[in-house]
file upload_1.csv (CSV, C-alpha atoms)
chain,number,residue,atom,x,y,z
E,537,MET,CA,98.1,65.5,145.1
E,538,ASN,CA,95.6,67.9,143.6
E,539,LYS,CA,94.8,69.5,147.0
E,540,GLN,CA,98.5,69.4,147.9
E,541,ILE,CA,99.5,71.5,144.9
E,542,ALA,CA,96.6,73.9,145.6
E,543,GLY,CA,97.6,74.2,149.2
E,544,TYR,CA,101.2,74.8,148.2
E,545,ILE,CA,100.2,77.6,145.8
E,546,ASN,CA,98.0,79.2,148.4
E,547,GLU,CA,100.7,79.1,151.0
E,548,HIS,CA,103.4,80.5,148.8
E,549,LEU,CA,101.1,82.7,146.7
E,550,ASP,CA,102.9,86.0,147.5
E,551,GLU,CA,106.3,84.7,146.5
E,552,ILE,CA,105.1,83.0,143.4
E,553,LEU,CA,103.2,86.0,142.2
E,554,GLU,CA,106.2,88.2,142.9
E,555,ARG,CA,108.5,86.0,140.9
E,556,TRP,CA,105.9,85.7,138.2
E,557,THR,CA,105.5,89.5,137.9
E,558,ILE,CA,109.3,89.9,137.6
E,559,LYS,CA,109.3,87.3,134.8
E,560,MET,CA,106.4,89.0,133.1
E,561,GLU,CA,108.2,92.3,133.3
E,562,ASP,CA,111.0,90.8,131.3
E,563,GLU,CA,108.7,90.4,128.4
E,564,LYS,CA,109.6,93.7,126.9
E,565,ASP,CA,106.7,94.1,124.5
E,566,ASP,CA,104.1,94.3,127.2
E,567,ARG,CA,102.8,97.8,127.1
E,568,PHE,CA,100.5,97.2,130.0
E,569,PHE,CA,103.1,97.3,132.7
E,570,GLN,CA,103.9,100.9,131.7
E,571,ILE,CA,100.3,102.0,131.2
E,572,MET,CA,98.7,100.4,134.2
E,573,SER,CA,99.1,101.8,137.7
E,574,GLU,CA,100.9,99.5,140.1
E,575,LYS,CA,97.9,98.9,142.1
E,576,VAL,CA,95.9,97.7,139.2
E,577,ILE,CA,98.7,95.4,138.1
E,578,ASP,CA,99.0,94.1,141.6
E,579,ASN,CA,95.3,93.4,141.9
E,580,THR,CA,95.1,91.8,138.5
E,581,VAL,CA,98.1,89.6,139.1
E,582,ARG,CA,96.6,88.5,142.4
E,583,GLU,CA,93.3,87.8,140.8
E,584,PHE,CA,94.9,85.8,138.2
E,585,GLY,CA,96.8,83.8,140.8
E,586,GLU,CA,93.6,83.2,142.7
E,587,LEU,CA,91.9,82.1,139.6
E,588,VAL,CA,94.5,79.5,138.9
E,589,VAL,CA,94.1,78.2,142.5
E,590,PHE,CA,90.3,78.3,142.1
E,591,SER,CA,90.5,76.1,139.1
E,592,LEU,CA,92.1,73.4,141.3
E,593,THR,CA,90.0,73.8,144.4
E,594,GLU,CA,86.6,75.2,143.7
E,595,SER,CA,83.6,73.8,142.0
E,596,GLU,CA,83.2,74.2,138.3
E,597,GLU,CA,80.4,76.8,138.7
E,598,VAL,CA,82.2,79.1,141.0
E,599,TYR,CA,85.3,78.9,138.8
E,600,ARG,CA,83.3,79.7,135.6
E,601,VAL,CA,81.9,82.9,137.1
E,602,LYS,CA,85.2,84.0,138.3
E,603,LEU,CA,86.9,83.2,134.9
E,604,ASN,CA,84.3,85.1,133.0
E,605,ASP,CA,84.7,88.2,135.2
E,606,PHE,CA,88.4,88.0,134.8
E,607,SER,CA,88.3,87.7,131.0
E,608,VAL,CA,85.9,90.6,130.7
E,609,LYS,CA,88.3,92.7,132.8
E,610,ILE,CA,91.5,91.8,130.8
E,611,VAL,CA,89.8,92.4,127.5
E,612,ARG,CA,88.7,95.8,128.8
E,613,TYR,CA,92.3,96.5,129.9
E,614,GLY,CA,93.3,95.7,126.3
E,615,TRP,CA,95.7,92.8,127.1
E,616,SER,CA,96.4,90.7,124.1
E,617,VAL,CA,95.5,87.0,124.2
E,618,THR,CA,99.1,86.2,123.4
E,619,PHE,CA,100.2,88.0,126.5
E,620,VAL,CA,97.7,86.2,128.7
E,621,LEU,CA,98.8,82.8,127.4
E,622,LYS,CA,102.4,83.8,128.0
E,623,ALA,CA,101.4,84.7,131.5
E,624,LEU,CA,99.9,81.3,132.0
E,625,THR,CA,103.0,79.5,130.7
E,626,ASN,CA,105.3,81.6,132.8
E,627,PHE,CA,103.1,80.9,135.9
E,628,THR,CA,103.6,77.1,135.5
E,629,HIS,CA,107.3,77.6,135.0
E,630,VAL,CA,107.6,79.7,138.1
E,631,LEU,CA,105.5,77.2,140.1
E,632,TYR,CA,107.7,74.3,138.9
E,633,ASP,CA,110.9,76.1,139.7
E,634,LYS,CA,109.7,77.1,143.1
E,635,MET,CA,108.4,73.6,144.0
E,636,ASN,CA,111.6,72.1,142.8
E,637,GLU,CA,113.7,74.5,144.9
E,638,ASP,CA,111.7,73.7,148.0
E,639,GLY,CA,112.2,70.0,147.4
E,640,TYR,CA,108.6,69.2,146.9
E,641,LEU,CA,109.2,67.3,143.8
E,642,ASN,CA,111.0,64.0,143.7
E,643,GLU,CA,111.3,61.1,141.3
E,644,GLN,CA,108.2,59.4,142.7
E,645,ASN,CA,105.8,62.2,142.3
E,646,ILE,CA,107.2,64.1,139.3
E,647,ILE,CA,105.1,62.0,136.9
E,648,SER,CA,101.8,62.6,138.7
E,649,TYR,CA,102.8,66.2,139.1
E,650,THR,CA,103.3,66.6,135.4
E,651,GLU,CA,100.0,64.8,134.8
E,652,ILE,CA,98.1,67.1,137.1
E,653,MET,CA,99.7,70.2,135.6
E,654,THR,CA,98.9,69.1,132.1
E,655,ASN,CA,95.3,68.1,132.9
E,656,TRP,CA,94.9,71.4,134.7
E,657,ILE,CA,96.7,73.9,132.4
E,658,THR,CA,95.3,72.7,129.1
E,659,PRO,CA,91.6,73.2,130.0
E,660,LEU,CA,92.5,76.4,131.8
E,661,THR,CA,94.2,77.7,128.6
E,662,HIS,CA,91.2,76.6,126.5
E,663,SER,CA,88.7,78.2,128.8
E,664,ILE,CA,90.6,81.5,128.9
E,665,VAL,CA,90.9,81.6,125.1
E,666,GLU,CA,87.2,80.7,124.8
E,667,ALA,CA,86.1,83.3,127.3
E,668,TYR,CA,88.3,85.9,125.6
E,669,SER,CA,86.9,85.2,122.2
E,670,ASN,CA,83.4,85.2,123.6
E,671,VAL,CA,83.9,88.7,124.9
E,672,TRP,CA,85.3,89.7,121.5
E,673,ASP,CA,82.4,88.1,119.6
E,674,ARG,CA,80.0,89.9,121.8
E,675,THR,CA,81.7,93.3,121.1
E,676,VAL,CA,81.8,92.6,117.4
E,677,HIS,CA,78.1,91.6,117.5
E,678,LEU,CA,77.1,94.7,119.3
E,679,GLN,CA,79.0,96.9,117.0
E,680,LYS,CA,77.4,95.2,114.0
E,681,MET,CA,74.0,95.8,115.5
E,682,ALA,CA,74.8,99.4,116.1
E,683,LEU,CA,76.0,99.7,112.6
E,684,GLN,CA,72.9,98.1,111.3
E,685,GLU,CA,70.7,100.4,113.2
E,686,LEU,CA,72.1,103.5,111.5
E,687,SER,CA,72.5,101.6,108.2
E,688,ALA,CA,69.6,102.5,106.1
E,689,SER,CA,66.6,104.4,107.5
E,690,LEU,CA,63.9,105.9,105.4
E,691,ILE,CA,62.9,109.3,106.6
E,692,PRO,CA,59.6,110.8,105.7
E,693,MET,CA,60.3,114.4,104.6
E,694,PHE,CA,57.2,115.8,103.1
E,695,ASP,CA,53.8,114.3,102.5
E,696,LYS,CA,54.5,111.7,99.8
E,697,ILE,CA,58.2,112.3,99.8
E,698,SER,CA,60.7,110.2,101.7
E,699,VAL,CA,64.5,110.2,101.9
E,700,MET,CA,67.0,107.5,102.5
E,701,PRO,CA,70.5,108.8,103.1
E,702,LEU,CA,73.2,106.3,102.5
E,703,VAL,CA,76.5,106.7,104.4
E,704,GLY,CA,79.5,104.4,104.1
E,705,THR,CA,80.4,101.3,102.3
E,706,ILE,CA,77.6,99.2,100.8
E,707,ASP,CA,78.2,95.5,101.0
E,708,THR,CA,75.8,92.6,100.1
E,709,GLU,CA,74.2,92.5,103.6
E,710,ARG,CA,73.6,96.2,103.7
E,711,ALA,CA,72.2,96.2,100.2
E,712,LYS,CA,69.6,93.7,101.3
E,713,LEU,CA,68.7,95.9,104.3
E,714,ILE,CA,68.5,99.0,102.0
E,715,MET,CA,66.0,97.2,99.7
E,716,GLU,CA,63.9,95.9,102.6
E,717,ASN,CA,63.7,99.2,104.5
E,718,LEU,CA,63.1,101.1,101.2
E,719,LEU,CA,60.1,98.9,100.3
E,720,HIS,CA,58.7,98.8,103.8
E,721,GLY,CA,59.1,102.5,104.2
E,722,VAL,CA,57.5,103.4,100.9
E,723,VAL,CA,54.4,101.4,101.7
E,724,LYS,CA,54.2,102.6,105.3
E,725,HIS,CA,54.7,106.3,104.6
E,726,ARG,CA,52.7,106.1,101.4
E,727,ALA,CA,55.6,107.7,99.6
E,728,GLU,CA,55.3,108.6,96.0
E,729,VAL,CA,58.8,109.7,95.5
E,730,VAL,CA,61.9,108.4,97.3
E,731,LEU,CA,65.2,110.2,97.3
E,732,LEU,CA,68.2,107.9,97.6
E,733,ASP,CA,71.1,110.1,98.7
E,734,ILE,CA,74.6,108.7,98.0
E,735,THR,CA,76.6,111.7,99.1
E,736,GLY,CA,78.1,109.6,101.9
E,737,VAL,CA,79.0,106.6,99.8
E,738,PRO,CA,82.7,106.6,99.1
E,739,VAL,CA,82.8,104.3,96.1
E,740,VAL,CA,80.1,103.6,93.6
E,741,ASP,CA,81.3,100.5,91.7
E,742,THR,CA,79.2,98.2,89.5
E,743,MET,CA,78.0,96.2,92.5
E,744,VAL,CA,76.7,99.3,94.3
E,745,ALA,CA,75.2,100.6,91.1
E,746,HIS,CA,73.5,97.2,90.5
E,747,HIS,CA,72.0,97.2,93.9
E,748,ILE,CA,70.7,100.7,93.5
E,749,ILE,CA,69.2,99.9,90.1
E,750,GLN,CA,67.5,96.8,91.6
E,751,ALA,CA,66.2,98.8,94.5
E,752,ALA,CA,64.8,101.5,92.2
E,753,ASP,CA,63.1,98.8,90.1
E,754,ALA,CA,61.5,97.3,93.2
E,755,VAL,CA,60.3,100.7,94.3
E,756,ARG,CA,58.7,101.2,90.9
E,757,LEU,CA,56.8,97.9,91.4
E,758,VAL,CA,55.2,99.2,94.6
E,759,GLY,CA,54.1,102.3,92.8
E,760,ALA,CA,56.6,104.9,93.7
E,761,LYS,CA,59.4,106.7,91.9
E,762,CYS,CA,63.0,106.5,93.0
E,763,MET,CA,65.4,109.4,92.5
E,764,LEU,CA,69.2,109.3,93.0
E,765,VAL,CA,70.6,112.4,94.6
E,766,GLY,CA,74.0,113.5,95.9
E,767,ILE,CA,76.1,112.3,92.9
E,768,ARG,CA,79.5,114.0,93.3
E,769,PRO,CA,81.4,115.0,90.2
E,770,GLU,CA,84.0,112.3,90.6
E,771,ILE,CA,81.3,109.7,91.1
E,772,ALA,CA,79.5,110.9,88.0
E,773,GLN,CA,82.8,110.4,86.0
E,774,THR,CA,83.4,106.9,87.3
E,775,ILE,CA,79.8,105.9,86.6
E,776,VAL,CA,80.2,107.0,83.0
E,777,ALA,CA,83.6,105.3,82.7
E,778,LEU,CA,82.1,102.1,84.0
E,779,GLY,CA,79.4,102.4,81.4
E,780,ILE,CA,76.6,102.0,83.9
E,781,ASN,CA,73.2,103.0,82.5
E,782,LEU,CA,71.2,105.2,84.8
E,783,ASN,CA,69.0,106.6,82.1
E,784,ASP,CA,65.9,105.3,83.8
E,785,PHE,CA,66.6,107.5,86.8
E,786,THR,CA,66.1,111.0,87.7
E,787,THR,CA,69.4,112.0,89.2
E,788,THR,CA,70.6,115.3,90.7
E,789,SER,CA,73.9,116.5,92.2
E,790,THR,CA,72.4,117.7,95.5
E,791,MET,CA,69.6,116.8,97.9
E,792,GLN,CA,68.1,120.3,97.5
E,793,ARG,CA,67.7,119.9,93.8
E,794,GLY,CA,66.2,116.5,94.3
E,795,VAL,CA,63.6,117.8,96.8
E,796,GLU,CA,62.6,120.5,94.3
E,797,LYS,CA,62.2,117.9,91.6
E,798,ALA,CA,60.3,115.6,93.9
E,799,LEU,CA,57.9,118.4,94.8
E,800,ALA,CA,57.4,119.2,91.1
E,801,LEU,CA,56.6,115.6,90.5
E,802,THR,CA,53.9,115.7,93.2
E,803,ASN,CA,52.6,119.0,91.8
E,804,ARG,CA,53.9,121.2,94.6
E,805,ALA,CA,56.6,123.8,94.9
E,806,ILE,CA,58.4,125.8,97.6
E,807,VAL,CA,57.7,129.5,97.1
E,808,GLU,CA,58.9,132.6,98.9
E,809,VAL,CA,56.3,134.4,100.9
E,810,LYS,CA,55.6,137.9,99.7
E,811,ASP,CA,55.7,140.9,102.1
E,812,LYS,CA,53.4,140.5,105.0
X,1377,MET,CA,109.7,101.4,95.2
X,1378,ASN,CA,107.3,100.4,97.8
X,1379,ILE,CA,104.8,97.6,97.5
X,1380,ASP,CA,101.7,97.2,99.6
X,1381,SER,CA,99.2,94.5,99.2
X,1382,VAL,CA,96.0,93.1,100.7
X,1383,ASP,CA,94.8,89.5,100.6
X,1384,ILE,CA,91.2,89.2,99.4
X,1385,VAL,CA,89.3,86.5,101.3
X,1386,THR,CA,86.2,88.2,102.7
X,1387,GLU,CA,83.9,91.0,101.5
X,1388,TRP,CA,85.5,93.3,104.0
X,1389,ASP,CA,89.0,92.9,102.4
X,1390,ILE,CA,87.6,94.7,99.4
X,1391,VAL,CA,87.1,97.7,101.6
X,1392,ALA,CA,90.7,97.3,102.9
X,1393,ALA,CA,92.1,97.1,99.4
X,1394,ARG,CA,90.2,100.2,98.4
X,1395,GLN,CA,91.3,102.1,101.4
X,1396,LEU,CA,94.9,101.2,100.6
X,1397,GLY,CA,94.5,102.3,97.0
X,1398,ARG,CA,93.0,105.6,98.0
X,1399,ASN,CA,95.8,106.3,100.4
X,1400,GLU,CA,98.5,105.4,97.9
X,1401,ALA,CA,96.8,107.5,95.2
X,1402,LYS,CA,96.8,110.4,97.5
X,1403,LYS,CA,100.5,110.0,98.2
X,1404,VAL,CA,101.4,109.9,94.6
X,1405,GLY,CA,99.4,113.1,94.1
X,1406,PHE,CA,96.3,112.2,92.2
X,1407,GLY,CA,93.3,114.5,92.3
X,1408,THR,CA,89.9,113.5,93.7
X,1409,VAL,CA,88.6,112.3,90.3
X,1410,ASP,CA,91.5,110.1,89.6
X,1411,GLN,CA,91.4,108.9,93.2
X,1412,ALA,CA,87.8,107.9,92.7
X,1413,ARG,CA,88.7,106.2,89.4
X,1414,ILE,CA,91.5,104.2,91.0
X,1415,THR,CA,89.5,103.2,94.1
X,1416,THR,CA,86.6,102.1,91.9
X,1417,ALA,CA,88.9,100.0,89.7
X,1418,ILE,CA,90.4,98.4,92.7
X,1419,SER,CA,86.9,97.7,94.0
X,1420,GLU,CA,85.9,96.0,90.8
X,1421,LEU,CA,89.1,93.9,90.7
X,1422,ALA,CA,88.9,92.9,94.3
X,1423,ARG,CA,85.2,92.0,94.0
X,1424,ASN,CA,86.0,89.8,91.0
X,1425,ILE,CA,88.5,88.0,93.2
X,1426,TYR,CA,86.0,87.6,96.0
X,1427,LEU,CA,83.1,86.5,93.7
X,1428,TYR,CA,84.9,84.2,91.3
X,1429,THR,CA,88.1,82.9,92.9
X,1430,GLY,CA,87.7,82.8,96.6
X,1431,LYS,CA,91.2,84.0,97.4
X,1432,GLY,CA,93.6,86.4,95.8
X,1433,ASN,CA,95.7,89.4,96.3
X,1434,ILE,CA,95.6,93.1,95.4
X,1435,ALA,CA,99.1,94.7,95.2
X,1436,ILE,CA,99.5,98.4,94.8
X,1437,LYS,CA,102.8,100.1,93.9
X,1438,GLU,CA,104.1,103.4,92.7
X,1439,VAL,CA,105.8,103.3,89.3
X,1440,THR,CA,107.8,105.7,87.3
X,1441,GLU,CA,108.5,105.7,83.5
X,1442,GLY,CA,110.7,108.6,82.3
X,1443,ASN,CA,109.1,111.7,83.8
X,1444,LEU,CA,105.8,110.0,84.3
X,1445,LYS,CA,104.7,108.9,87.8
X,1446,GLY,CA,101.9,106.4,88.2
X,1447,LEU,CA,100.2,103.9,90.3
X,1448,LEU,CA,100.2,100.2,89.4
X,1449,VAL,CA,97.5,97.9,90.6
X,1450,ILE,CA,98.0,94.2,90.3
X,1451,ALA,CA,95.2,91.8,91.1
X,1452,SER,CA,96.3,88.2,91.1
X,1453,ASP,CA,94.6,85.0,92.0
X,1454,GLU,CA,94.9,81.2,91.6
X,1455,GLY,CA,91.3,80.8,90.7
X,1456,PRO,CA,89.7,79.1,87.7
X,1457,GLY,CA,91.0,81.6,85.1
X,1458,ILE,CA,89.0,83.3,82.5
X,1459,ALA,CA,88.0,81.0,79.6
X,1460,ASP,CA,87.0,83.7,77.1
X,1461,VAL,CA,88.9,86.9,77.8
X,1462,ARG,CA,87.4,88.7,74.9
X,1463,ARG,CA,83.9,88.2,76.2
X,1464,ALA,CA,84.8,89.0,79.7
X,1465,LEU,CA,85.9,92.4,78.4
X,1466,GLU,CA,82.7,93.0,76.6
X,1467,ASP,CA,80.2,95.3,78.2
X,1468,GLY,CA,77.2,93.6,79.6
X,1469,PHE,CA,78.8,90.1,79.8
X,1470,THR,CA,78.3,88.5,83.2
X,1471,THR,CA,78.3,85.1,84.7
X,1472,SER,CA,77.1,86.2,88.1
X,1473,GLY,CA,73.9,88.2,87.3
X,1474,GLY,CA,75.7,91.5,87.8
X,1475,LEU,CA,75.9,94.4,85.4
X,1476,GLY,CA,78.8,93.0,83.5
X,1477,ALA,CA,80.6,96.4,83.5
X,1478,GLY,CA,83.4,95.4,85.9
X,1479,LEU,CA,86.4,94.4,83.7
X,1480,PRO,CA,85.6,96.7,80.7
X,1481,GLY,CA,85.0,99.4,83.3
X,1482,VAL,CA,88.4,98.9,84.9
X,1483,LYS,CA,90.0,99.1,81.4
X,1484,ARG,CA,88.3,102.5,80.8
X,1485,LEU,CA,89.0,103.8,84.3
X,1486,MET,CA,92.8,103.1,84.1
X,1487,ASP,CA,95.3,104.0,81.4
X,1488,ASP,CA,97.2,100.7,80.9
X,1489,PHE,CA,95.5,97.4,81.2
X,1490,LYS,CA,97.0,94.0,80.9
X,1491,ILE,CA,95.4,90.6,81.6
X,1492,GLU,CA,97.2,87.3,81.8
X,1493,THR,CA,95.0,84.3,82.5
X,1494,VAL,CA,95.4,80.5,82.3
X,1495,VAL,CA,92.4,78.4,82.7
X,1496,GLY,CA,92.7,76.3,85.8
X,1497,GLU,CA,95.7,78.2,87.1
X,1498,GLY,CA,94.7,81.7,87.7
X,1499,THR,CA,94.5,85.3,86.5
X,1500,LYS,CA,96.8,88.3,86.9
X,1501,ILE,CA,95.5,91.7,85.9
X,1502,SER,CA,97.8,94.7,85.9
X,1503,ALA,CA,96.4,98.2,85.5
X,1504,THR,CA,98.2,101.5,85.7
X,1505,LYS,CA,97.0,105.0,86.1
X,1506,TRP,CA,99.5,107.7,85.1
X,1507,LEU,CA,99.7,111.1,86.8
X,1508,ARG,CA,99.3,113.9,84.3
call {"tool": "encode", "arguments": {"input": "upload_1.csv", "output": "structure tokens"}}
result
Amino acid sequence: MNKQIAGYINEHLDEILERWTIKMEDEKDDRFFQIMSEKVIDNTVREFGELVVFSLTESEEVYRVKLNDFSVKIVRYGWSVTFVLKALTNFTHVLYDKMNEDGYLNEQNIISYTEIMTNWITPLTHSIVEAYSNVWDRTVHLQKMALQELSASLIPMFDKISVMPLVGTIDTERAKLIMENLLHGVVKHRAEVVLLDITGVPVVDTMVAHHIIQAADAVRLVGAKCMLVGIRPEIAQTIVALGINLNDFTTTSTMQRGVEKALALTNRAIVEVKDK
Amino acid sequence: MNIDSVDIVTEWDIVAARQLGRNEAKKVGFGTVDQARITTAISELARNIYLYTGKGNIAIKEVTEGNLKGLLVIASDEGPGIADVRRALEDGFTTSGGLGAGLPGVKRLMDDFKIETVVGEGTKISATKWLR
């Protein structure tokens, strides 16, 4: 019966797909029919139909590869997983209607038909959802890595002076990274003064302040000095309101001031060159 | 009156709550300093929910009282409650190894501050900032 159904689908694929497309177009919320060119829709629909047949006829391996390709593609097209599942359900309905109309189904084989369909559709649904979520997981993972790469880098600026510009929200994970990079960098670049720039940090609450204080303490332990630069006026006011004690820090409003102070600390200065 | 709220379950929800607060504060017409105060207060409240209760909600709504316009932030949870409110509002008191500036800080950042808590049932903190 397995082969029979597959054979039947193959034979009537065009008509089934046509009916199925019409049914899917009735789902009004599907943006994709409007955005996609007809050719793309046609190809994708056909591919989906073939995939369904493949799952009945081909070996597990061939089917897996095909399924994966397909999932990647639909994720890239931006189809929602709800839509794909709806498509699958509609497909079975169309298939059932068609087979019923053509008199393929009768009282004797209806039970085994239902059984096959259930055994076939359920794992297919699972694997599509799984493939779909795998693709998303991968995307999220890659973005996370990308974010981490530009998260907290220590930049040597002058001899003995390094800068770490912080941009964006600081969460627990990032705070850890900041601490690690800071300490590694200080040792590696033999920095004596580190400027921690928080111009790009939108909110400095007690947790962020706590992490900064801890990082500065750790920097002191490895023999360098930590300066906090880029404190915007509104941040200064919230820090005071929160009652956070930053007395142990040298702090400045801008990076430029910070650099001047850091140079002074290391007995240097930037001077203007007199006439040549 | 429009109400918006964010459920706090993960650390990233804190960012979402903050973002919502900043947008609402902008809409009401707060300046950058007050925006920063409100967002920071929301950040503290949301972090408390995340750290101590596991699940809660931050609701933000515009309020009016006479000619005054303001923004009300309600942080509610069904967590363990606060056993000693007086101590929780003291500077430097912490049970998590933090700075202990969160709740007293919020009180100073906002204009009105009300805390209702029942041990074992949960906590509701309402804080308002008035537009001047």
call {"tool": "closest_residue", "arguments": {"input": "upload_1.csv", "among": "E:Gly704, E:Leu799, E:Asn717, E:Gly736", "to": "chain X", "atoms": "all atoms listed in the file"}}
result
E:Gly704
call {"tool": "residues_around", "arguments": {"input": "upload_1.csv", "residues": "Leu1427 of chain X", "least_positions_apart": "6", "cutoff": "12 Å", "atoms": "all atoms listed in the file", "output": "PyMOL selection string"}}
result
(chain E and resi 708+743) or (chain X and resi 1384-1387+1390+1419-1421+1453+1455-1456+1470-1474+1478)
call {"tool": "interface_residues", "arguments": {"input": "upload_1.csv", "of": "chain X", "to": "chain E", "cutoff": "7 Å", "atoms": "all atoms listed in the file", "output": "list in words"}}
result
Thr1408, Val1409, Ala1412, Arg1413, Thr1416, Ser1419, Glu1420, Gly1474, Leu1475, Ala1477, Gly1478, Gly1481, Arg1484 and Leu1485 of chain X
call {"tool": "write_last_selection", "arguments": {"input": "upload_1.csv", "atoms": "C-alpha atoms", "output": "mmCIF file, keeping the file's coordinate frame"}}
result
data_model
loop_
_atom_site.group_PDB
_atom_site.id
_atom_site.type_symbol
_atom_site.label_atom_id
_atom_site.label_comp_id
_atom_site.auth_asym_id
_atom_site.auth_seq_id
_atom_site.Cartn_x
_atom_site.Cartn_y
_atom_site.Cartn_z
ATOM 1 C CA THR X 1408 89.900 113.500 93.700
ATOM 2 C CA VAL X 1409 88.600 112.300 90.300
ATOM 3 C CA ALA X 1412 87.800 107.900 92.700
ATOM 4 C CA ARG X 1413 88.700 106.200 89.400
ATOM 5 C CA THR X 1416 86.600 102.100 91.900
ATOM 6 C CA SER X 1419 86.900 97.700 94.000
ATOM 7 C CA GLU X 1420 85.900 96.000 90.800
ATOM 8 C CA GLY X 1474 75.700 91.500 87.800
ATOM 9 C CA LEU X 1475 75.900 94.400 85.400
ATOM 10 C CA ALA X 1477 80.600 96.400 83.500
ATOM 11 C CA GLY X 1478 83.400 95.400 85.900
ATOM 12 C CA GLY X 1481 85.000 99.400 83.300
ATOM 13 C CA ARG X 1484 88.300 102.500 80.800
ATOM 14 C CA LEU X 1485 89.000 103.800 84.300
#
call {"tool": "residues_around", "arguments": {"input": "upload_1.csv", "residues": "Gly1457 of chain X", "least_positions_apart": "5", "cutoff": "8 Å", "atoms": "all atoms listed in the file", "output": "JSON, numbers by chain"}}
result
{"X": [1493, 1494, 1495, 1496, 1497, 1498, 1499]}
call {"tool": "residues_around", "arguments": {"input": "upload_1.csv", "residues": "segment 593-604 of chain E", "least_positions_apart": "3", "cutoff": "10 Å", "atoms": "all atoms listed in the file", "output": "number ranges by chain"}}
result
E: 538-539, 541-543, 583-584, 586-590, 607-609, 660, 663-664, 666-668, 670-671
call {"tool": "residues_near_point", "arguments": {"input": "upload_1.csv", "point": "(93.6, 81.4, 94.7)", "cutoff": "7 Å", "atoms": "all atoms listed in the file", "output": "list of chain:residue names"}}
result
X:Thr1429, X:Gly1430, X:Lys1431, X:Gly1432, X:Asp1453, X:Glu1454, X:Gly1455
call {"tool": "atom_distance", "arguments": {"input": "upload_1.csv", "atom1": "atom CA of Asp1487 of chain X", "atom2": "atom CA of Ala1417 of chain X"}}
result
11.2 Å
call {"tool": "closest_residue", "arguments": {"input": "upload_1.csv", "among": "X:Leu1447, X:Ile1414, X:Val1404, X:Leu1396", "to": "Lys1483 of chain X", "atoms": "all atoms listed in the file"}}
result
X:Ile1414
call {"tool": "atom_distance", "arguments": {"input": "upload_1.csv", "atom1": "atom CA of Glu685 of chain E", "atom2": "atom CA of Gly721 of chain E"}}
result
14.8 Å
call {"tool": "atom_distance", "arguments": {"input": "upload_1.csv", "atom1": "atom CA of Ser689 of chain E", "atom2": "atom CA of Leu764 of chain E"}}
result
15.5 Å
call {"tool": "residues_around", "arguments": {"input": "upload_1.csv", "residues": "Ile748 of chain E", "least_positions_apart": "3", "cutoff": "9 Å", "atoms": "only C-alpha atoms", "output": "list in words"}}
result
Ala711, Ile714, Met715, Leu732, Met743, Val744, Ala745, Ala751, Ala752, Asp753 and Leu764 of chain E
call {"tool": "residues_near_point", "arguments": {"input": "upload_1.csv", "point": "(90.7, 106.0, 97.1)", "cutoff": "7 Å", "atoms": "all atoms listed in the file", "output": "MDAnalysis selection string"}}
result
chainID X and resid 1394:1395 1397:1399 1401 1411:1412 1414:1415
call {"tool": "write_last_selection", "arguments": {"input": "upload_1.csv", "atoms": "C-alpha atoms", "output": "PDB file, in the frame of the given file"}}
result
ATOM      1  CA  ARG X1394      90.200 100.200  98.400  1.00  0.00           C
ATOM      2  CA  GLN X1395      91.300 102.100 101.400  1.00  0.00           C
ATOM      3  CA  GLY X1397      94.500 102.300  97.000  1.00  0.00           C
ATOM      4  CA  ARG X1398      93.000 105.600  98.000  1.00  0.00           C
ATOM      5  CA  ASN X1399      95.800 106.300 100.400  1.00  0.00           C
ATOM      6  CA  ALA X1401      96.800 107.500  95.200  1.00  0.00           C
ATOM      7  CA  GLN X1411      91.400 108.900  93.200  1.00  0.00           C
ATOM      8  CA  ALA X1412      87.800 107.900  92.700  1.00  0.00           C
ATOM      9  CA  ILE X1414      91.500 104.200  91.000  1.00  0.00           C
ATOM     10  CA  THR X1415      89.500 103.200  94.100  1.00  0.00           C
TER      11      THR X1415
END
call {"tool": "residues_around", "arguments": {"input": "upload_1.csv", "residues": "Asp1380 of chain X", "least_positions_apart": "5", "cutoff": "7 Å", "atoms": "only C-alpha atoms", "output": "ChimeraX atom specification"}}
result
/X:1435-1437
call {"tool": "closest_residue", "arguments": {"input": "upload_1.csv", "among": "E:Ser616, E:Val729, E:Glu561, E:Leu782", "to": "Gln750 of chain E", "atoms": "only C-alpha atoms"}}
result
E:Leu782
